[in-house]
Amino acid sequence: MPFFSVVIPLYNKERFISQTLQSVLAQTFDDFEIIIVNDGSTDASEQKVNAFDDPRIRYYLRENKGVAAARNFGITLSNADYIAFLDSDDYWYPDFLQTMHRNIGRYAPGHKVFSSAIEIETAKNVFPADYSIEQTGYCEVVDFFDASSKEAVIWTSAAVFHKSVFEQSGVFDTNVKFAEDTDLWIRVGLDFKVVFDWKILARYVYDGKSVSRGQQYFFEESSFAKYAEAEKTNPKLKKFLDLNRFSVAIKSKLAGDKKNFRKCYDAIDFKNLNVKKRILLHLTRFQLQVLVKIKTLLAENGLGSSVFK
């Protein structure tokens, strides 16, 4: 039985999958299996995978059901106790699994969720993600909500989970279309602390064609509804959800969707937003459009984060 199962959902990523897969095969810790779930790709993704000849690779082709279903299928196929996800346009540095194995040895069985810092690649630059906690050591145990006011400390392509986490917190919700990962990390964060390593071990690669990159990326109303009762008694969860509501409100205004803007705006406790965010909510659509162009340019060059965070 391998130590790690690496689950890679694949859908029309012929430009990226070879680099992604090679980053796994180049790991200094090599006790793993790779489970590739092709979610009905219509490009040359399958040919790219078939070019690799390694007995640790297990390849499955299915009809398109979405990334959540693909990841869940990979979970059911995994033989290892520890599961890592890697999106097919991202990649790991060679010591990702070695570092996760070391941290598991030091913190398990008391902790079951492990992650690392990431860097972000845009069309113009590569820069480290910005986290909302201060670094006090090379590795530390953190609360997901405290640590995720900026970049989340659980990021899909830079985290490892003991299989029992999914038994307790559940798996990816196939009814959530645009933020299925965030939805699961909330549930995981309610149940577990996160062992976070400050070393940058993975790279998020910006693909402008991905479904989550456009203005349609929303943390859906149905997801907010899931936590309606829990957020009443959990201030950390409430703040995290309000930051997501802020993001949806801004994107709704940019899209001219007054109904969704008002729903999110009315549900926010404004004590959870800083002054800048409160001002942004009251700008006109045109003012926001200009600001987004400026912020996007800055973010592409590593000089600022998204206006939505």
# chains A, B, ... in the order shown; residues from 1 in each chain; ligands from 1
>>> residues_around(residues="segment 103-116 of chain A", least_positions_apart="5", cutoff="7 Å", atoms="only C-alpha atoms", output="MDAnalysis selection string")
chainID A and resid 153:154 158:162 165 193:201
>>> write_last_selection(atoms="N, CA and C atoms", output="tab-separated table (two decimals), in the first residue's frame")
chain	number	residue	atom	x	y	z
A	153	VAL	N	-5.20	28.83	3.90
A	153	VAL	CA	-4.08	27.95	4.22
A	153	VAL	C	-4.33	26.51	3.75
A	154	ILE	N	-5.56	26.19	3.40
A	154	ILE	CA	-5.80	24.95	2.68
A	154	ILE	C	-6.06	25.32	1.23
A	158	ALA	N	-2.04	21.95	-2.64
A	158	ALA	CA	-0.92	21.98	-1.70
A	158	ALA	C	-1.35	21.50	-0.33
A	159	ALA	N	-2.15	20.44	-0.30
A	159	ALA	CA	-2.63	19.92	0.97
A	159	ALA	C	-2.73	18.40	0.93
A	160	VAL	N	-2.59	17.80	2.11
A	160	VAL	CA	-2.68	16.35	2.26
A	160	VAL	C	-3.64	16.06	3.41
A	161	PHE	N	-4.48	15.05	3.23
A	161	PHE	CA	-5.50	14.72	4.21
A	161	PHE	C	-5.48	13.23	4.55
A	162	HIS	N	-5.59	12.92	5.83
A	162	HIS	CA	-5.82	11.52	6.18
A	162	HIS	C	-7.21	11.14	5.69
A	165	VAL	N	-10.50	12.09	7.34
A	165	VAL	CA	-11.02	13.46	7.28
A	165	VAL	C	-12.30	13.50	6.45
A	193	LYS	N	-7.74	21.24	12.96
A	193	LYS	CA	-6.69	22.24	12.81
A	193	LYS	C	-5.83	21.86	11.60
A	194	VAL	N	-5.04	22.81	11.15
A	194	VAL	CA	-4.21	22.60	9.96
A	194	VAL	C	-2.74	22.72	10.34
A	195	VAL	N	-1.94	21.72	9.96
A	195	VAL	CA	-0.49	21.80	10.11
A	195	VAL	C	0.04	22.48	8.84
A	196	PHE	N	0.47	23.73	9.00
A	196	PHE	CA	0.84	24.56	7.85
A	196	PHE	C	2.35	24.76	7.80
A	197	ASP	N	2.95	24.40	6.67
A	197	ASP	CA	4.38	24.57	6.44
A	197	ASP	C	4.61	25.82	5.62
A	198	TRP	N	5.48	26.70	6.10
A	198	TRP	CA	5.68	27.99	5.44
A	198	TRP	C	6.54	27.90	4.18
A	199	LYS	N	7.16	26.77	3.94
A	199	LYS	CA	7.97	26.65	2.73
A	199	LYS	C	7.06	26.57	1.51
A	200	ILE	N	7.39	27.32	0.47
A	200	ILE	CA	6.61	27.27	-0.77
A	200	ILE	C	6.93	25.97	-1.50
A	201	LEU	N	5.92	25.11	-1.62
A	201	LEU	CA	6.13	23.78	-2.17
A	201	LEU	C	5.28	23.50	-3.40
>>> select_by_dssp(residues="segment 55-239 of chain A", states="helix (DSSP H, G or I)", output="ChimeraX atom specification")
/A:67-77,96-107,156-158,164-169,180-191,211-213,221-226,230-233,235-239
>>> residues_around(residues="Gly74 of chain A", least_positions_apart="3", cutoff="6 Å", atoms="only C-alpha atoms", output="PDB file with all heavy atoms, in the first residue's frame")
ATOM      1  N   VAL A   7      -4.446  12.409  -6.297  1.00  0.00           N
ATOM      2  CA  VAL A   7      -5.627  12.444  -7.151  1.00  0.00           C
ATOM      3  C   VAL A   7      -5.563  13.675  -8.057  1.00  0.00           C
ATOM      4  O   VAL A   7      -5.502  14.808  -7.573  1.00  0.00           O
ATOM      5  CB  VAL A   7      -6.918  12.471  -6.312  1.00  0.00           C
ATOM      6  CG1 VAL A   7      -8.144  12.612  -7.221  1.00  0.00           C
ATOM      7  CG2 VAL A   7      -7.023  11.209  -5.458  1.00  0.00           C
ATOM      8  N   ARG A  71     -12.895  14.342  -8.293  1.00  0.00           N
ATOM      9  CA  ARG A  71     -12.078  14.198  -7.081  1.00  0.00           C
ATOM     10  C   ARG A  71     -12.674  13.140  -6.151  1.00  0.00           C
ATOM     11  O   ARG A  71     -11.940  12.339  -5.562  1.00  0.00           O
ATOM     12  CB  ARG A  71     -11.958  15.536  -6.355  1.00  0.00           C
ATOM     13  CG  ARG A  71     -11.139  16.583  -7.097  1.00  0.00           C
ATOM     14  CD  ARG A  71     -10.831  17.759  -6.181  1.00  0.00           C
ATOM     15  NE  ARG A  71     -10.232  18.873  -6.911  1.00  0.00           N
ATOM     16  CZ  ARG A  71     -10.755  20.078  -6.997  1.00  0.00           C
ATOM     17  NH1 ARG A  71     -11.911  20.344  -6.399  1.00  0.00           N
ATOM     18  NH2 ARG A  71     -10.150  21.033  -7.661  1.00  0.00           N
ATOM     19  N   LEU A  77     -11.078   5.487  -5.041  1.00  0.00           N
ATOM     20  CA  LEU A  77     -10.107   4.580  -5.653  1.00  0.00           C
ATOM     21  C   LEU A  77      -8.781   4.524  -4.896  1.00  0.00           C
ATOM     22  O   LEU A  77      -7.950   3.653  -5.167  1.00  0.00           O
ATOM     23  CB  LEU A  77      -9.825   5.006  -7.101  1.00  0.00           C
ATOM     24  CG  LEU A  77     -10.996   4.938  -8.088  1.00  0.00           C
ATOM     25  CD1 LEU A  77     -10.611   5.625  -9.382  1.00  0.00           C
ATOM     26  CD2 LEU A  77     -11.396   3.495  -8.346  1.00  0.00           C
TER      27      LEU A  77
END
>>> closest_residue(among="A:Ala267, A:Ile36, A:Leu241, A:Leu254", to="Lys226 of chain A", atoms="only C-alpha atoms")
A:Leu241
>>> residues_around(residues="Leu237 of chain A", least_positions_apart="2", cutoff="10 Å", atoms="only C-alpha atoms", output="MDAnalysis selection string")
chainID A and resid 144:146 186 189:190 227 230:235 239:243
>>> atom_distance(atom1="atom CA of Ala84 of chain A", atom2="atom CA of Glu151 of chain A")
19.0 Å
>>> atom_distance(atom1="atom CA of Gln135 of chain A", atom2="atom CA of Arg102 of chain A")
19.2 Å
>>> residues_around(residues="Arg62 of chain A", least_positions_apart="3", cutoff="10 Å", atoms="only C-alpha atoms", output="PyMOL selection string")
chain A and resi 37-41+65+70+73
>>> select_by_dssp(residues="segment 79-289 of chain A", states="strand (DSSP E or B)", output="JSON, numbers by chain")
{"A": [82, 83, 84, 85, 91, 92, 113, 114, 115, 116, 117, 118, 119, 120, 121, 126, 127, 128, 139, 140, 141, 142, 159, 160, 161, 162, 194, 195, 196, 197, 198, 199, 200, 201, 202, 203, 204, 205]}
>>> write_last_selection(atoms="N, CA, C and O atoms", output="short mmCIF file (atom, residue, chain, number, x, y, z; two decimals), in the first residue's frame")
data_model
loop_
_atom_site.label_atom_id
_atom_site.label_comp_id
_atom_site.auth_asym_id
_atom_site.auth_seq_id
_atom_site.Cartn_x
_atom_site.Cartn_y
_atom_site.Cartn_z
N TYR A 82 -3.18 8.53 3.21
CA TYR A 82 -3.08 9.98 3.02
C TYR A 82 -3.32 10.33 1.55
O TYR A 82 -2.71 9.74 0.66
N ILE A 83 -4.22 11.29 1.34
CA ILE A 83 -4.64 11.67 0.00
C ILE A 83 -4.23 13.12 -0.28
O ILE A 83 -4.47 14.01 0.54
N ALA A 84 -3.61 13.32 -1.44
CA ALA A 84 -3.26 14.67 -1.90
C ALA A 84 -3.96 14.92 -3.22
O ALA A 84 -4.12 14.01 -4.04
N PHE A 85 -4.40 16.15 -3.43
CA PHE A 85 -5.01 16.54 -4.69
C PHE A 85 -4.05 17.45 -5.43
O PHE A 85 -3.33 18.26 -4.83
N TYR A 91 1.49 22.57 -10.21
CA TYR A 91 2.56 21.57 -10.01
C TYR A 91 3.24 21.75 -8.67
O TYR A 91 3.14 22.80 -8.03
N TRP A 92 3.92 20.68 -8.28
CA TRP A 92 4.66 20.64 -7.01
C TRP A 92 6.15 20.82 -7.25
O TRP A 92 6.69 20.44 -8.29
N VAL A 113 -4.65 17.07 8.90
CA VAL A 113 -4.68 17.95 7.74
C VAL A 113 -3.36 18.69 7.66
O VAL A 113 -2.94 19.34 8.63
N PHE A 114 -2.70 18.60 6.51
CA PHE A 114 -1.36 19.17 6.33
C PHE A 114 -1.34 19.98 5.03
O PHE A 114 -1.89 19.57 4.02
N SER A 115 -0.69 21.15 5.09
CA SER A 115 -0.63 21.99 3.89
C SER A 115 0.66 22.79 3.87
O SER A 115 1.43 22.78 4.84
N SER A 116 0.88 23.49 2.77
CA SER A 116 2.08 24.31 2.63
C SER A 116 1.74 25.62 1.95
O SER A 116 0.67 25.79 1.35
N ALA A 117 2.68 26.54 2.04
CA ALA A 117 2.55 27.81 1.32
C ALA A 117 2.69 27.57 -0.17
O ALA A 117 3.26 26.56 -0.62
N ILE A 118 2.16 28.50 -0.95
CA ILE A 118 2.21 28.38 -2.41
C ILE A 118 2.73 29.67 -3.02
O ILE A 118 2.85 30.70 -2.35
N GLU A 119 3.04 29.59 -4.31
CA GLU A 119 3.30 30.78 -5.09
C GLU A 119 2.33 30.80 -6.26
O GLU A 119 1.76 29.76 -6.64
N ILE A 120 2.11 31.98 -6.81
CA ILE A 120 1.11 32.17 -7.85
C ILE A 120 1.78 32.63 -9.13
O ILE A 120 2.56 33.58 -9.13
N GLU A 121 1.48 31.95 -10.23
CA GLU A 121 2.03 32.30 -11.53
C GLU A 121 0.95 32.94 -12.39
O GLU A 121 -0.10 32.35 -12.64
N VAL A 126 5.61 35.69 -11.18
CA VAL A 126 5.38 34.67 -10.15
C VAL A 126 5.65 35.33 -8.81
O VAL A 126 6.69 35.99 -8.63
N PHE A 127 4.74 35.17 -7.85
CA PHE A 127 4.92 35.81 -6.56
C PHE A 127 4.32 34.94 -5.47
O PHE A 127 3.41 34.15 -5.72
N PRO A 128 4.82 35.05 -4.23
CA PRO A 128 4.30 34.22 -3.13
C PRO A 128 2.92 34.67 -2.69
O PRO A 128 2.59 35.85 -2.74
N CYS A 139 7.00 25.61 10.59
CA CYS A 139 5.77 24.83 10.50
C CYS A 139 4.97 25.03 11.78
O CYS A 139 5.55 25.04 12.86
N GLU A 140 3.65 25.21 11.65
CA GLU A 140 2.85 25.46 12.84
C GLU A 140 1.42 24.99 12.65
O GLU A 140 0.94 24.85 11.52
N VAL A 141 0.76 24.76 13.76
CA VAL A 141 -0.63 24.34 13.75
C VAL A 141 -1.51 25.59 13.82
O VAL A 141 -1.35 26.41 14.73
N VAL A 142 -2.42 25.74 12.86
CA VAL A 142 -3.22 26.96 12.77
C VAL A 142 -4.71 26.63 12.66
O VAL A 142 -5.10 25.53 12.26
N ALA A 159 -2.15 20.44 -0.30
CA ALA A 159 -2.63 19.92 0.97
C ALA A 159 -2.73 18.40 0.93
O ALA A 159 -2.91 17.81 -0.13
N VAL A 160 -2.59 17.80 2.11
CA VAL A 160 -2.68 16.35 2.26
C VAL A 160 -3.64 16.06 3.41
O VAL A 160 -3.61 16.73 4.45
N PHE A 161 -4.48 15.05 3.23
CA PHE A 161 -5.50 14.72 4.21
C PHE A 161 -5.48 13.23 4.55
O PHE A 161 -5.36 12.40 3.64
N HIS A 162 -5.59 12.92 5.83
CA HIS A 162 -5.82 11.52 6.18
C HIS A 162 -7.21 11.14 5.69
O HIS A 162 -8.14 11.95 5.74
N VAL A 194 -5.04 22.81 11.15
CA VAL A 194 -4.21 22.60 9.96
C VAL A 194 -2.74 22.72 10.34
O VAL A 194 -2.33 23.70 10.96
N VAL A 195 -1.94 21.72 9.96
CA VAL A 195 -0.49 21.80 10.11
C VAL A 195 0.04 22.48 8.84
O VAL A 195 0.03 21.90 7.76
N PHE A 196 0.47 23.73 9.00
CA PHE A 196 0.84 24.56 7.85
C PHE A 196 2.35 24.76 7.80
O PHE A 196 2.96 25.23 8.76
N ASP A 197 2.95 24.40 6.67
CA ASP A 197 4.38 24.57 6.44
C ASP A 197 4.61 25.82 5.62
O ASP A 197 4.00 26.00 4.56
N TRP A 198 5.48 26.70 6.10
CA TRP A 198 5.68 27.99 5.44
C TRP A 198 6.54 27.90 4.18
O TRP A 198 6.60 28.86 3.41
N LYS A 199 7.16 26.77 3.94
CA LYS A 199 7.97 26.65 2.73
C LYS A 199 7.06 26.57 1.51
O LYS A 199 6.07 25.84 1.50
N ILE A 200 7.39 27.32 0.47
CA ILE A 200 6.61 27.27 -0.77
C ILE A 200 6.93 25.97 -1.50
O ILE A 200 8.06 25.75 -1.94
N LEU A 201 5.92 25.11 -1.62
CA LEU A 201 6.13 23.78 -2.17
C LEU A 201 5.28 23.50 -3.40
O LEU A 201 5.38 22.42 -3.99
N ALA A 202 4.43 24.45 -3.78
CA ALA A 202 3.56 24.24 -4.93
C ALA A 202 3.31 25.56 -5.64
O ALA A 202 3.43 26.63 -5.05
N ARG A 203 2.98 25.44 -6.91
CA ARG A 203 2.69 26.64 -7.70
C ARG A 203 1.30 26.54 -8.31
O ARG A 203 0.94 25.56 -8.95
N TYR A 204 0.53 27.60 -8.07
CA TYR A 204 -0.77 27.76 -8.72
C TYR A 204 -0.53 28.44 -10.06
O TYR A 204 0.03 29.54 -10.12
N VAL A 205 -0.92 27.78 -11.13
CA VAL A 205 -0.70 28.31 -12.48
C VAL A 205 -2.01 28.88 -13.02
O VAL A 205 -3.01 28.16 -13.13
#
>>> residues_around(residues="Arg245 of chain A", least_positions_apart="6", cutoff="12 Å", atoms="only C-alpha atoms", output="MDAnalysis selection string")
chainID A and resid 218:221 223:225 238:239 251:252 260:270 272:273 277 281 308:309
>>> atom_distance(atom1="atom CA of Gly256 of chain A", atom2="atom CA of Phe178 of chain A")
19.1 Å
>>> residues_around(residues="Phe16 of chain A", least_positions_apart="6", cutoff="8 Å", atoms="only C-alpha atoms", output="ChimeraX atom specification")
/A:88-90
>>> write_last_selection(atoms="all heavy atoms", output="short mmCIF file (atom, residue, chain, number, x, y, z; two decimals), in the first residue's frame")
data_model
loop_
_atom_site.label_atom_id
_atom_site.label_comp_id
_atom_site.auth_asym_id
_atom_site.auth_seq_id
_atom_site.Cartn_x
_atom_site.Cartn_y
_atom_site.Cartn_z
N SER A 88 -4.76 19.76 -12.56
CA SER A 88 -3.96 19.37 -13.72
C SER A 88 -3.30 20.54 -14.44
O SER A 88 -2.69 20.35 -15.49
CB SER A 88 -4.82 18.59 -14.71
OG SER A 88 -6.02 19.28 -15.01
N ASP A 89 -3.39 21.75 -13.88
CA ASP A 89 -2.62 22.88 -14.41
C ASP A 89 -1.67 23.46 -13.37
O ASP A 89 -1.03 24.49 -13.61
CB ASP A 89 -3.53 23.97 -14.97
CG ASP A 89 -4.63 24.39 -14.00
OD1 ASP A 89 -4.68 23.83 -12.88
OD2 ASP A 89 -5.43 25.27 -14.35
N ASP A 90 -1.56 22.81 -12.21
CA ASP A 90 -0.64 23.25 -11.16
C ASP A 90 0.50 22.25 -11.05
O ASP A 90 0.50 21.20 -11.70
CB ASP A 90 -1.37 23.35 -9.82
CG ASP A 90 -2.52 24.34 -9.86
OD1 ASP A 90 -2.41 25.36 -10.58
OD2 ASP A 90 -3.55 24.08 -9.20
#
>>> closest_residue(among="A:Ser149, A:Ser169, A:Asn79, A:Ser157", to="Arg58 of chain A", atoms="only C-alpha atoms")
A:Asn79
